[in-house]
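Student: Here it is: the structure, laid out below.
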Amino acid sequence: TDKLITERLMSDTEGRRWVWLRLADAQLFDEDTTFDAGWMAYRKGLRTPALRLLRDVNRFTPREYITMTEEATSVTLRQAPQETEPSDE
């Protein structure tokens with residue numbers, strides 16, 4: 001169920017980091033300063049799944065949401081995952 005999945009995701013730092021990065025990738029925390037209709041429609045489509053995730057997080061794990069936002073101000077969640085690029089060797 002959505003509740004169980006959300007609780008599992010938010011139960012540890014790595015899960016909360018994953019959720020935070022999904023929300024940030026969807027630009028939920030960015031201001032929309034454009035009035036271009038095409039861009040606004042694109043952003044709305046980008047944000048809709050993240051808003052559903054945020055709704056579930058707030059509904060099922062509100063305390064962990066607070067923890068996640070506190071962690072996000074630290075280095076723990078703000079650092080992007082370290083992906084290794086294949087070498088050209």
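Within each chain, counting starts at residue 1; across the structure tokens, chains are named A, B, ... in the order shown, with ligands numbered 1 upward in that order.
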Just asking: which residues within chain A are alpha helix (DSSP H) according to DSSP, as an NGL selection string?
Tutor: :A and (2-9 or 13-25 or 37-60 or 62-72 or 75-78)
Student: Any idea what's packed within 12 Å of Thr67 in chain A, counting only C-alpha atoms, ignoring anything in its chain fewer than 5 positions away? Could you give it as a PyMOL selection string?
Tutor: chain A and resi 10-13+15-17+20+57-58+61-62+72-74+76-77
Student: Those residues you just picked out, can you put them in a file as a CSV table (one decimal), in the first residue's frame with C-alpha atoms?
Tutor:
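Below is the file that was written, again_33.csv:
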chain,number,residue,atom,x,y,z
A,10,MET,CA,10.9,7.7,5.2
A,11,SER,CA,12.3,5.3,7.9
A,12,ASP,CA,16.0,6.0,7.2
A,13,THR,CA,18.3,8.7,5.9
A,15,GLY,CA,15.1,6.8,1.9
A,16,ARG,CA,14.4,10.4,3.0
A,17,ARG,CA,17.3,11.5,0.8
A,20,TRP,CA,14.0,14.8,-1.1
A,57,VAL,CA,4.7,11.8,3.0
A,58,ASN,CA,2.8,14.4,4.9
A,61,THR,CA,4.9,10.3,8.0
A,62,PRO,CA,4.6,13.9,9.1
A,72,ALA,CA,18.2,18.6,3.8
A,73,THR,CA,19.8,21.7,5.3
A,74,SER,CA,22.8,19.6,6.2
A,76,THR,CA,23.5,14.6,4.1
A,77,LEU,CA,20.7,15.1,1.6
Student: Residues near Phe29 in chain A, anyone? I mean within 12 Å using only C-alpha atoms, not counting same-chain ones fewer than 4 positions away, as a compact mmCIF listing (two decimals) with C-alpha atoms, in the first residue's frame.
Tutor:
# COMPACT_ATOMS: atom_id res chain seq x y z
CA TRP A 20 13.98 14.81 -1.08
CA LEU A 21 15.87 14.48 -4.35
CA ARG A 22 12.67 13.45 -6.19
CA LEU A 23 10.88 16.51 -4.81
CA ALA A 24 13.80 18.77 -5.72
CA ASP A 25 14.10 17.24 -9.20
CA ARG A 47 5.38 18.58 -10.40
CA ALA A 50 6.03 14.85 -6.80
CA LEU A 51 3.03 16.56 -5.23
CA LEU A 54 4.67 14.88 -0.89
CA THR A 69 13.77 18.93 5.85
CA ALA A 72 18.21 18.61 3.76
Student: Provide the CA of Asp56 in chain A to CA of Thr6 in chain A distance in Å, to one decimal place.
Tutor: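 Value for the CA of Asp56 in chain A-CA of Thr6 in chain A distance: 6.7 Å.
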Student: Using only C-alpha atoms, which of the listed residues (A:Thr34, A:Glu70, A:Phe60, A:Thr48) sits closest to Leu4 in chain A?
Tutor: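 Distance minimum relative to Leu4 in chain A lands on A:Phe60.
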Student: Give me, please, the distance in Å between CA of Pro49 in chain A and CA of Ala26 in chain A, quoted to one decimal.
Tutor: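 If I compute the distance from CA of Pro49 in chain A to CA of Ala26 in chain A, I get 8.3 Å.
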